[in-house]
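Trainee: File follows, my_file07.cif with mmCIF, C-alpha atoms:
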```
data_final
#
loop_
_atom_site.label_atom_id
_atom_site.label_comp_id
_atom_site.auth_asym_id
_atom_site.auth_seq_id
_atom_site.Cartn_x
_atom_site.Cartn_y
_atom_site.Cartn_z
CA MET A 1416 16.62 17.57 -16.84
CA ASN A 1417 18.76 14.45 -16.91
CA PRO A 1418 16.94 12.04 -19.32
CA LEU A 1419 18.16 9.03 -17.34
CA PHE A 1420 16.54 10.48 -14.24
CA GLU A 1421 13.26 10.92 -16.11
CA GLN A 1422 13.48 7.35 -17.38
CA ARG A 1423 14.10 5.93 -13.88
CA LEU A 1424 11.42 7.98 -12.17
CA GLY A 1425 8.22 8.18 -14.16
CA THR A 1426 4.92 9.57 -12.87
CA SER A 1427 3.29 7.12 -10.46
CA ILE A 1428 0.06 5.43 -11.51
CA PHE A 1429 -1.62 6.96 -8.43
CA GLU A 1430 -0.74 10.49 -9.53
CA THR A 1431 -1.72 9.72 -13.12
CA MET A 1432 -5.17 8.42 -12.25
CA SER A 1433 -5.86 11.08 -9.59
CA LEU A 1434 -5.07 13.81 -12.13
CA ALA A 1435 -7.32 12.07 -14.65
CA ALA A 1436 -10.11 11.90 -12.06
CA ALA A 1437 -9.82 15.63 -11.44
CA ARG A 1438 -9.69 16.39 -15.16
CA HIS A 1439 -12.83 14.36 -15.91
CA GLY A 1440 -14.74 15.19 -12.73
CA ALA A 1441 -14.72 11.47 -11.88
CA ILE A 1442 -15.35 9.59 -8.66
CA ASN A 1443 -11.84 8.76 -7.42
CA LEU A 1444 -11.73 5.10 -6.41
CA GLY A 1445 -8.11 5.02 -7.57
CA GLN A 1446 -5.88 6.60 -4.93
CA GLY A 1447 -6.17 4.88 -1.57
CA PHE A 1448 -7.47 7.52 0.78
CA PRO A 1449 -10.62 7.15 2.93
CA ASP A 1450 -13.37 9.65 3.58
CA PHE A 1451 -14.29 8.18 6.98
CA GLY A 1452 -12.69 6.14 9.76
CA TRP A 1453 -10.72 8.67 11.81
CA PRO A 1454 -11.40 9.19 15.54
CA GLU A 1455 -12.79 12.67 16.12
CA PRO A 1456 -11.07 12.96 19.55
CA LEU A 1457 -7.73 12.57 17.76
CA LEU A 1458 -8.48 15.59 15.60
CA ASP A 1459 -9.39 17.56 18.72
CA GLU A 1460 -6.10 16.58 20.33
CA ALA A 1461 -4.12 17.61 17.24
CA ALA A 1462 -5.90 20.98 17.13
CA ARG A 1463 -5.11 21.57 20.80
CA LEU A 1464 -1.46 20.66 20.30
CA LEU A 1465 -1.16 22.99 17.34
CA ARG A 1466 -1.89 25.87 19.72
CA GLU A 1467 -0.45 24.57 22.98
CA GLY A 1468 2.30 22.20 21.90
CA SER A 1469 5.55 22.63 20.02
CA ASN A 1470 5.68 23.90 16.45
CA GLN A 1471 9.46 23.82 16.16
CA TYR A 1472 11.83 21.09 15.00
CA ALA A 1473 11.31 17.76 16.70
CA PRO A 1474 14.22 15.43 17.46
CA SER A 1475 15.20 13.75 14.21
CA ARG A 1476 14.43 10.25 15.49
CA GLY A 1477 11.01 11.36 16.75
CA LEU A 1478 9.45 12.56 19.97
CA PRO A 1479 10.22 10.20 22.87
CA VAL A 1480 6.52 10.07 23.75
CA LEU A 1481 5.65 8.75 20.28
CA ARG A 1482 8.49 6.24 20.17
CA GLU A 1483 7.35 4.89 23.54
CA ALA A 1484 3.74 4.82 22.35
CA VAL A 1485 4.69 2.83 19.24
CA CYS A 1486 6.40 0.24 21.46
CA GLY A 1487 3.35 0.00 23.72
CA PHE A 1488 0.95 -0.24 20.79
CA TYR A 1489 2.82 -3.14 19.20
CA ALA A 1490 3.22 -4.94 22.51
CA ASP A 1491 -0.54 -4.78 22.99
CA ARG A 1492 -1.67 -5.47 19.41
CA GLN A 1493 1.02 -7.85 18.11
CA GLY A 1494 2.95 -9.14 21.11
CA LEU A 1495 6.20 -7.46 20.01
CA SER A 1496 8.91 -6.53 22.49
CA LEU A 1497 10.42 -3.26 21.28
CA ALA A 1498 12.39 -0.48 22.95
CA PRO A 1499 12.27 3.24 22.02
CA ASP A 1500 15.83 3.11 20.64
CA GLN A 1501 14.51 0.71 17.99
CA ILE A 1502 12.00 3.26 16.65
CA VAL A 1503 12.63 6.03 14.12
CA VAL A 1504 9.74 8.39 13.30
CA THR A 1505 9.53 9.53 9.68
CA SER A 1506 7.42 11.79 7.48
CA GLY A 1507 5.19 9.02 6.25
CA ALA A 1508 5.86 5.34 5.68
CA THR A 1509 7.33 5.86 2.22
CA GLU A 1510 10.05 8.01 3.76
CA ALA A 1511 10.78 5.20 6.21
CA ILE A 1512 11.08 2.82 3.25
CA ALA A 1513 13.36 5.27 1.42
CA ALA A 1514 15.63 5.78 4.43
CA THR A 1515 15.88 2.02 4.96
CA ILE A 1516 16.81 1.36 1.34
CA MET A 1517 19.32 4.23 1.30
CA ALA A 1518 20.99 2.85 4.42
CA ALA A 1519 20.97 -0.83 3.45
CA ILE A 1520 21.48 -0.99 -0.32
CA GLU A 1521 24.90 -0.37 -1.86
CA GLU A 1522 26.02 -0.22 -5.49
CA GLY A 1523 25.51 -3.63 -7.10
CA ASP A 1524 23.33 -5.09 -4.34
CA GLU A 1525 20.10 -6.81 -5.27
CA ALA A 1526 16.75 -6.56 -3.53
CA ILE A 1527 13.77 -8.86 -4.03
CA ILE A 1528 10.32 -7.32 -4.37
CA VAL A 1529 7.03 -9.25 -4.45
CA ALA A 1530 4.89 -8.15 -7.39
CA PRO A 1531 2.42 -6.67 -7.93
CA ALA A 1532 4.42 -4.25 -5.79
CA TYR A 1533 3.92 -0.74 -4.44
CA ASP A 1534 5.48 1.37 -7.17
CA ALA A 1535 7.95 3.22 -4.92
CA TYR A 1536 10.09 0.16 -4.13
CA ALA A 1537 11.86 -0.37 -7.46
CA PRO A 1538 12.79 3.30 -8.13
CA LEU A 1539 14.14 3.71 -4.59
CA ILE A 1540 16.24 0.56 -4.91
CA ARG A 1541 17.68 1.74 -8.23
CA GLN A 1542 18.33 5.25 -6.94
CA SER A 1543 20.45 3.67 -4.21
CA GLY A 1544 22.53 1.78 -6.78
CA GLY A 1545 20.74 -1.53 -6.34
CA GLU A 1546 19.13 -3.93 -8.79
CA VAL A 1547 15.61 -5.29 -8.55
CA ARG A 1548 14.75 -9.00 -8.49
CA GLU A 1549 11.03 -9.66 -8.85
CA VAL A 1550 8.95 -12.54 -7.51
CA ALA A 1551 5.64 -12.34 -9.36
CA LEU A 1552 2.40 -13.46 -7.71
CA ARG A 1553 -0.46 -14.57 -9.93
CA PRO A 1554 -4.23 -14.32 -9.48
CA PRO A 1555 -6.56 -15.44 -8.16
CA GLU A 1556 -4.68 -16.95 -5.18
CA TRP A 1557 -1.63 -14.61 -5.16
CA ARG A 1558 0.34 -17.33 -3.28
CA LEU A 1559 3.93 -16.72 -2.16
CA THR A 1560 6.16 -19.82 -2.03
CA GLU A 1561 9.56 -20.62 -0.61
CA GLU A 1562 10.56 -22.05 -3.99
CA ALA A 1563 9.82 -18.79 -5.81
CA LEU A 1564 11.77 -16.78 -3.23
CA GLU A 1565 14.73 -19.16 -3.38
CA ALA A 1566 14.82 -18.92 -7.17
CA ALA A 1567 15.15 -15.13 -6.94
CA VAL A 1568 18.13 -15.12 -4.56
CA THR A 1569 21.64 -14.63 -5.93
CA PRO A 1570 24.98 -14.06 -4.16
CA ARG A 1571 24.36 -10.31 -4.50
CA THR A 1572 20.91 -10.33 -2.85
CA THR A 1573 20.89 -8.41 0.44
CA MET A 1574 17.23 -7.49 1.04
CA LEU A 1575 13.74 -8.91 0.64
CA VAL A 1576 10.84 -6.44 0.56
CA LEU A 1577 7.48 -7.81 1.69
CA ASN A 1578 4.27 -5.80 1.83
CA ASN A 1579 1.73 -7.49 4.12
CA PRO A 1580 -1.21 -6.90 4.13
CA HIS A 1581 -0.62 -6.57 0.42
CA ASN A 1582 -1.36 -3.59 -1.77
CA PRO A 1583 -2.79 -3.79 -4.45
CA THR A 1584 -4.22 -7.32 -4.17
CA GLY A 1585 -5.80 -7.14 -0.70
CA ARG A 1586 -4.05 -10.39 0.34
CA LEU A 1587 -3.24 -11.18 3.96
CA PHE A 1588 -0.38 -13.67 3.69
CA ALA A 1589 -0.84 -16.96 5.53
CA ALA A 1590 1.40 -18.28 8.30
CA GLU A 1591 3.23 -20.68 5.99
CA GLU A 1592 3.99 -17.88 3.52
CA LEU A 1593 5.44 -15.68 6.26
CA ALA A 1594 7.46 -18.65 7.54
CA ALA A 1595 8.88 -19.12 4.03
CA VAL A 1596 10.06 -15.49 4.02
CA ALA A 1597 11.79 -15.95 7.37
CA THR A 1598 13.39 -19.23 6.26
CA VAL A 1599 14.81 -17.81 3.03
CA ALA A 1600 16.01 -14.62 4.75
CA ARG A 1601 17.89 -16.58 7.41
CA ALA A 1602 19.36 -19.04 4.91
CA HIS A 1603 20.83 -16.21 2.83
CA ASP A 1604 21.41 -13.57 5.53
CA LEU A 1605 18.91 -11.13 4.02
CA LEU A 1606 17.36 -8.10 5.63
CA ILE A 1607 13.55 -8.09 5.54
CA LEU A 1608 11.93 -4.75 4.80
CA ALA A 1609 8.44 -5.48 6.12
CA ASP A 1610 6.02 -2.84 4.83
CA GLU A 1611 3.13 -3.47 7.22
CA VAL A 1612 1.25 -0.20 6.99
CA TRP A 1613 -2.13 -1.94 6.47
CA GLU A 1614 -1.76 -3.96 9.69
CA GLU A 1615 -4.95 -2.55 11.26
CA VAL A 1616 -7.15 -2.58 8.15
CA LEU A 1617 -8.17 -6.24 8.39
CA LEU A 1618 -11.33 -7.57 6.76
CA THR A 1619 -11.21 -11.31 7.44
CA ALA A 1620 -8.93 -11.59 10.50
CA ASP A 1621 -8.90 -9.96 13.91
CA ARG A 1622 -5.16 -10.03 14.65
CA PHE A 1623 -2.07 -9.35 12.56
CA THR A 1624 1.18 -11.35 12.59
CA SER A 1625 4.25 -9.19 11.98
CA MET A 1626 7.47 -10.38 10.36
CA ALA A 1627 9.13 -8.76 13.38
CA SER A 1628 7.70 -11.57 15.50
CA LEU A 1629 9.12 -14.25 13.18
CA ALA A 1630 12.56 -12.84 12.34
CA PRO A 1631 13.17 -9.94 14.76
CA GLU A 1632 16.95 -9.93 14.30
CA ARG A 1633 16.71 -8.97 10.60
CA THR A 1634 13.33 -7.25 10.15
CA ILE A 1635 12.76 -3.54 9.57
CA LYS A 1636 9.05 -3.08 10.27
CA ILE A 1637 7.34 -0.09 8.63
CA GLY A 1638 4.23 1.44 10.19
CA SER A 1639 1.90 4.32 9.37
CA ALA A 1640 -0.34 6.41 11.59
CA GLY A 1641 -2.01 7.62 8.39
CA LYS A 1642 -3.27 4.10 7.68
CA ILE A 1643 -3.96 3.17 11.31
CA PHE A 1644 -6.10 6.26 11.93
CA SER A 1645 -7.36 6.93 8.36
CA LEU A 1646 -5.50 10.25 8.29
CA THR A 1647 -3.25 9.78 5.27
CA GLY A 1648 -2.48 13.49 4.94
CA TRP A 1649 -0.75 13.61 8.33
CA LYS A 1650 2.24 11.70 6.92
CA ILE A 1651 3.38 10.27 10.24
CA GLY A 1652 5.24 6.99 9.77
CA TRP A 1653 7.93 5.02 11.57
CA LEU A 1654 10.21 2.06 11.39
CA ALA A 1655 11.09 -0.48 14.05
CA ALA A 1656 14.36 -2.40 13.74
CA PRO A 1657 17.19 -3.84 15.84
CA ALA A 1658 18.74 -0.88 17.68
CA ALA A 1659 22.04 -0.74 15.78
CA LEU A 1660 20.25 -0.97 12.44
CA ALA A 1661 17.71 1.67 13.49
CA THR A 1662 20.59 4.03 14.28
CA THR A 1663 22.10 3.49 10.83
CA ILE A 1664 18.76 4.12 9.12
CA ALA A 1665 18.25 7.24 11.27
CA ARG A 1666 21.42 8.68 9.72
CA ALA A 1667 19.84 8.36 6.27
CA HIS A 1668 16.55 9.79 7.55
CA GLN A 1669 18.27 12.94 8.87
CA TYR A 1670 19.24 13.85 5.29
CA LEU A 1671 15.73 13.30 3.92
CA THR A 1672 13.17 15.11 6.07
CA PHE A 1673 15.24 15.34 9.29
CA ALA A 1674 12.15 15.75 11.46
CA THR A 1675 8.36 15.37 11.40
CA PRO A 1676 5.72 17.81 12.78
CA PRO A 1677 5.89 17.54 16.58
CA ASN A 1678 2.26 18.43 17.27
CA LEU A 1679 1.02 15.62 15.02
CA GLN A 1680 3.54 13.23 16.54
CA ALA A 1681 2.22 14.00 20.01
CA ALA A 1682 -1.38 13.57 18.85
CA VAL A 1683 -0.56 10.18 17.29
CA ALA A 1684 1.06 9.13 20.59
CA THR A 1685 -2.25 9.84 22.32
CA GLY A 1686 -4.16 7.88 19.68
CA LEU A 1687 -1.89 4.83 19.94
CA GLY A 1688 -2.70 4.74 23.63
CA ARG A 1689 -6.42 4.48 22.81
CA PRO A 1690 -6.69 1.34 20.64
CA GLU A 1691 -10.44 1.19 21.31
CA TRP A 1692 -10.73 4.12 18.89
CA LEU A 1693 -9.87 1.70 16.05
CA GLU A 1694 -12.61 -0.86 16.49
CA SER A 1695 -15.50 1.06 14.94
CA ALA A 1696 -13.34 2.01 11.94
CA ARG A 1697 -12.53 -1.63 11.22
CA ALA A 1698 -16.24 -2.50 11.29
CA ASP A 1699 -16.99 0.43 8.98
CA PHE A 1700 -14.35 -0.66 6.46
CA ARG A 1701 -15.71 -4.19 6.44
CA ARG A 1702 -19.21 -2.87 5.81
CA ALA A 1703 -18.01 -0.59 3.00
CA GLN A 1704 -16.15 -3.44 1.29
CA ARG A 1705 -19.25 -5.61 1.48
CA ARG A 1706 -21.45 -2.83 0.09
CA LEU A 1707 -19.19 -2.31 -2.93
CA ALA A 1708 -18.67 -6.04 -3.53
CA ASP A 1709 -22.36 -6.89 -3.26
CA GLY A 1710 -23.35 -4.07 -5.60
CA LEU A 1711 -20.79 -4.96 -8.25
CA GLN A 1712 -21.47 -8.69 -8.11
CA ALA A 1713 -25.20 -8.08 -8.43
CA ASN A 1714 -24.42 -6.36 -11.74
CA GLY A 1715 -22.31 -9.25 -13.03
CA TRP A 1716 -18.80 -8.17 -12.05
CA ALA A 1717 -16.33 -10.89 -11.05
CA LEU A 1718 -14.23 -9.96 -8.00
CA LEU A 1719 -11.16 -11.39 -6.32
CA PRO A 1720 -11.21 -11.90 -2.54
CA SER A 1721 -10.22 -8.92 -0.40
CA GLU A 1722 -8.81 -9.85 3.01
CA ALA A 1723 -7.24 -6.54 4.10
CA THR A 1724 -6.38 -2.97 2.98
CA TYR A 1725 -8.86 -0.52 1.40
CA PHE A 1726 -8.84 -2.33 -1.94
CA GLN A 1727 -11.07 -4.54 -4.06
CA CYS A 1728 -9.87 -6.02 -7.38
CA ILE A 1729 -12.12 -6.62 -10.38
CA ASP A 1730 -11.30 -9.51 -12.74
CA LEU A 1731 -11.97 -7.98 -16.16
CA PRO A 1732 -11.86 -11.14 -18.35
CA ARG A 1733 -14.20 -13.05 -16.02
CA SER A 1734 -16.49 -10.00 -16.06
CA GLY A 1735 -16.70 -10.11 -19.86
CA MET A 1736 -14.49 -7.05 -20.37
CA LYS A 1737 -12.09 -7.57 -23.28
CA LEU A 1738 -10.00 -4.46 -22.74
CA ARG A 1739 -6.64 -4.59 -21.01
CA ASP A 1740 -6.55 -3.01 -17.57
CA HIS A 1741 -5.07 0.32 -18.65
CA GLN A 1742 -7.52 0.58 -21.57
CA PHE A 1743 -10.41 -0.13 -19.23
CA ALA A 1744 -9.10 2.40 -16.68
CA ASP A 1745 -8.93 5.08 -19.40
CA PHE A 1746 -12.48 4.26 -20.50
CA ALA A 1747 -13.80 4.18 -16.95
CA VAL A 1748 -12.37 7.55 -15.91
CA GLY A 1749 -13.25 9.31 -19.18
CA THR A 1750 -16.67 7.82 -19.93
CA LEU A 1751 -18.03 6.28 -16.73
CA LYS A 1752 -16.44 9.00 -14.55
CA VAL A 1753 -14.91 6.50 -12.12
CA ALA A 1754 -11.14 6.38 -11.56
CA THR A 1755 -9.57 2.95 -11.01
CA ILE A 1756 -5.99 1.67 -10.83
CA PRO A 1757 -4.73 -0.86 -13.43
CA LEU A 1758 -2.60 -3.56 -11.79
CA SER A 1759 -0.18 -3.99 -14.69
CA GLY A 1760 1.71 -0.92 -13.47
CA PHE A 1761 2.73 -2.79 -10.32
CA TYR A 1762 4.90 -5.30 -12.19
CA GLU A 1763 8.46 -5.03 -13.51
CA ARG A 1764 8.10 -7.94 -15.94
CA ALA A 1765 5.28 -10.07 -17.39
CA PRO A 1766 2.45 -8.00 -15.91
CA GLU A 1767 -1.12 -9.10 -15.39
CA TYR A 1768 -3.41 -7.12 -17.69
CA GLY A 1769 -6.80 -8.32 -16.52
CA LEU A 1770 -7.30 -6.58 -13.18
CA VAL A 1771 -8.18 -3.14 -11.86
CA ARG A 1772 -8.16 -1.99 -8.24
CA LEU A 1773 -10.89 0.03 -6.53
CA CYS A 1774 -10.69 1.79 -3.16
CA PHE A 1775 -13.82 1.02 -1.13
CA ALA A 1776 -12.99 3.27 1.86
CA LYS A 1777 -15.66 5.72 0.77
CA SER A 1778 -19.06 6.92 1.91
CA ASP A 1779 -22.19 4.99 1.03
CA ALA A 1780 -23.17 7.71 -1.44
CA THR A 1781 -19.82 7.49 -3.26
CA ILE A 1782 -19.93 3.68 -3.39
CA ASP A 1783 -23.51 3.67 -4.66
CA ALA A 1784 -22.65 6.24 -7.34
CA ALA A 1785 -19.73 4.10 -8.50
CA ILE A 1786 -21.90 0.96 -8.63
CA ALA A 1787 -24.48 2.82 -10.68
CA ALA A 1788 -21.79 4.14 -13.03
CA PHE A 1789 -20.39 0.67 -13.63
CA GLY A 1790 -23.86 -0.74 -14.22
CA ARG A 1791 -24.41 -4.20 -15.65
CA THR A 1792 -21.43 -5.85 -17.30
CA ASP A 1793 -23.32 -6.91 -20.44
CA ALA A 1794 -24.58 -3.37 -21.08
CA LEU A 1795 -21.15 -1.91 -20.34
CA ALA A 1796 -19.40 -4.29 -22.73
CA GLN A 1797 -21.73 -3.10 -25.48
CA GLU A 1798 -21.13 0.55 -24.52
CA ILE A 1799 -17.36 0.03 -24.79
CA LEU A 1800 -17.80 -1.47 -28.25
CA ASP A 1801 -20.10 1.34 -29.39
CA THR A 1802 -17.67 3.98 -28.11
CA ALA A 1803 -14.78 2.32 -29.92
CA VAL A 1804 -16.75 2.31 -33.17
CA LYS A 1805 -17.64 6.00 -32.82
CA GLN A 1806 -14.01 6.91 -32.10
CA GLY A 1807 -12.79 4.86 -35.04
CA VAL A 1808 -10.43 2.75 -32.94
CA ILE A 1809 -12.19 -0.59 -33.35
CA ASP A 1810 -9.13 -2.07 -35.10
CA ASP A 1811 -7.06 -1.51 -31.94
CA LEU A 1812 -9.33 -3.53 -29.67
CA PRO A 1813 -8.18 -6.99 -28.60
CA TRP A 1814 -11.27 -8.82 -29.84
CA SER A 1815 -11.44 -7.17 -33.28
#
```
Mind converting the file's structure to structure tokens?
Mentor:
Amino acid sequence: MNPLFEQRLGTSIFETMSLAAARHGAINLGQGFPDFGWPEPLLDEAARLLREGSNQYAPSRGLPVLREAVCGFYADRQGLSLAPDQIVVTSGATEAIAATIMAAIEEGDEAIIVAPAYDAYAPLIRQSGGEVREVALRPPEWRLTEEALEAAVTPRTTMLVLNNPHNPTGRLFAAEELAAVATVARAHDLLILADEVWEEVLLTADRFTSMASLAPERTIKIGSAGKIFSLTGWKIGWLAAPAALATTIARAHQYLTFATPPNLQAAVATGLGRPEWLESARADFRRAQRRLADGLQANGWALLPSEATYFQCIDLPRSGMKLRDHQFADFAVGTLKVATIPLSGFYERAPEYGLVRLCFAKSDATIDAAIAAFGRTDALAQEILDTAVKQGVIDDLPWS
């Protein structure tokens, strides 16, 4: 194995913590997959299409019926005017991101990412010969400013990657923040890779504003049926872009997965035509977030606001926890039997070490078990200290 390849592409934090959860028999609140929220009629339609529909290669750019359905869905939900030749269907949203970066980034180009950032962005940019420029957001507000974006731009910058709603923080960026992205992109002729997969998982708003409505001429919008319908294992994603750019990205896509399962594509097309199927899921996610937040706060845990996505962040220092995020995550999965995600792994430079992310898209029983495992913060802080003493690692702890 090429050691440089291993250095560039380490194991993702999601894989690491999911494997640890399995090894310790822990509740997995780390990886962001739900155990409710999908429309049962959509599963019935997929099962029917598996028997009655096509099981052979689909057109590389996606079934026409799905590309048309994506256009109709975004016209209805976000007021976007898109045509089918602007849509490319991919095997999951990450493949759409990869194809876009492969098509748009050349050797020596720079791309701006907004950290904490989904951990696929930087490796994909580097694999395409590009360099990463990071704009770091800081808690608790996680505000994105035009000044910070401007400071990151150089003559070699060609792309700005924005994830909104934002994983892992749960932020839903405000209108002035989105306007700042559009302003900087136009001023410097940048493409905007708008990773908007969480667009339907809204906790504090009822409608989503896409970057494609603010800067349509330069935005590549990424969407995910897995997130929209809570069926992450289906791996049906897409991108929407100006037609000529979509064609260029489609050429990269054909050398990645080429095509995506046609029966699932056709089922997703049906689901996108039934937006009423989504309303109960949104209410259920809001209730689950509130259940987890209320239970943790009642036990003394300090939380950051969660406005969208499946995720809730715990502020460890304000909760009285004196371990860094990765130390706490190791303790939680091994001793408390709850897997979390440390946020420091989402930064390139100067990471935040005081936050862990939990996925709340779980059943009441799972949430209640996690709350019970975390218990009261004062008791847990003492348990961490006692465990460290028993293991003989007290000298390594930050407060010793």
Trainee: Could you expand the PyMOL selection byres ((chain A and resi 1519) around 10) into the explicit residues it covers here, written as an MDAnalysis selection string?
Mentor: chainID A and resid 1513:1518 1520:1521 1524 1526 1540 1543 1545 1573:1574 1606 1608 1660 1663:1664 1667
Trainee: Please evaluate the PyMOL selection byres ((chain A and resi 1498) around 12) against the structure above and give the resulting residues as a PDB file with C-alpha atoms, in the frame of the given file.
Mentor:
```pdb
ATOM      1  CA  PRO A1479      10.220  10.200  22.870  1.00  0.00           C
ATOM      2  CA  LEU A1481       5.650   8.750  20.280  1.00  0.00           C
ATOM      3  CA  ARG A1482       8.490   6.240  20.170  1.00  0.00           C
ATOM      4  CA  GLU A1483       7.350   4.890  23.540  1.00  0.00           C
ATOM      5  CA  ALA A1484       3.740   4.820  22.350  1.00  0.00           C
ATOM      6  CA  VAL A1485       4.690   2.830  19.240  1.00  0.00           C
ATOM      7  CA  CYS A1486       6.400   0.240  21.460  1.00  0.00           C
ATOM      8  CA  GLY A1487       3.350   0.000  23.720  1.00  0.00           C
ATOM      9  CA  PHE A1488       0.950  -0.240  20.790  1.00  0.00           C
ATOM     10  CA  TYR A1489       2.820  -3.140  19.200  1.00  0.00           C
ATOM     11  CA  ALA A1490       3.220  -4.940  22.510  1.00  0.00           C
ATOM     12  CA  LEU A1495       6.200  -7.460  20.010  1.00  0.00           C
ATOM     13  CA  SER A1496       8.910  -6.530  22.490  1.00  0.00           C
ATOM     14  CA  LEU A1497      10.420  -3.260  21.280  1.00  0.00           C
ATOM     15  CA  PRO A1499      12.270   3.240  22.020  1.00  0.00           C
ATOM     16  CA  ASP A1500      15.830   3.110  20.640  1.00  0.00           C
ATOM     17  CA  GLN A1501      14.510   0.710  17.990  1.00  0.00           C
ATOM     18  CA  ILE A1502      12.000   3.260  16.650  1.00  0.00           C
ATOM     19  CA  VAL A1503      12.630   6.030  14.120  1.00  0.00           C
ATOM     20  CA  ALA A1655      11.090  -0.480  14.050  1.00  0.00           C
ATOM     21  CA  ALA A1656      14.360  -2.400  13.740  1.00  0.00           C
ATOM     22  CA  PRO A1657      17.190  -3.840  15.840  1.00  0.00           C
ATOM     23  CA  ALA A1658      18.740  -0.880  17.680  1.00  0.00           C
ATOM     24  CA  ALA A1661      17.710   1.670  13.490  1.00  0.00           C
TER      25      ALA A1661
END
```
Trainee: List the neighbours of Leu1577 (chain A) out to 7 Å using only C-alpha atoms; skip same-chain residues closer than 5 positions along the sequence, and give me the result as a ChimeraX atom specification.
Mentor: /A:1528-1529,1608-1610
Trainee: Give as number ranges by chain the residues that the PyMOL selection byres ((chain A and resi 1450-1452) around 12) matches when applied to the coordinates above.
Mentor: A: 1443-1444, 1446-1449, 1453-1455, 1457-1458, 1615-1616, 1641-1648, 1692-1703, 1725, 1774-1782
Trainee: Tell me, as a list of chain:residue names, which residues lie within 9 Å of region 1715-1717 of chain A, counting only C-alpha atoms; anything in the same chain fewer than 5 positions away does not count.
Mentor: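 Counting only C-alpha atoms, the residues come to A:Ala1708, A:Gly1710, A:Cys1728, A:Ile1729, A:Asp1730, A:Leu1731, A:Pro1732, A:Arg1733, A:Ser1734, A:Gly1735, A:Gly1790, A:Arg1791, A:Thr1792, A:Asp1793.
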Trainee: Could you state the separation of CA of Thr1505 (chain A) and CA of Tyr1533 (chain A) in Å, given to one decimal place?
Mentor: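 Separating CA of Thr1505 (chain A) from CA of Tyr1533 (chain A) is a distance of 18.3 Å.
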Trainee: May I ask which of the residues A:Pro1677, A:Gln1704, A:Arg1764, A:Thr1724 is the closest one to Leu1617 (chain A), counting all atoms listed in the file?
Mentor: A:Thr1724
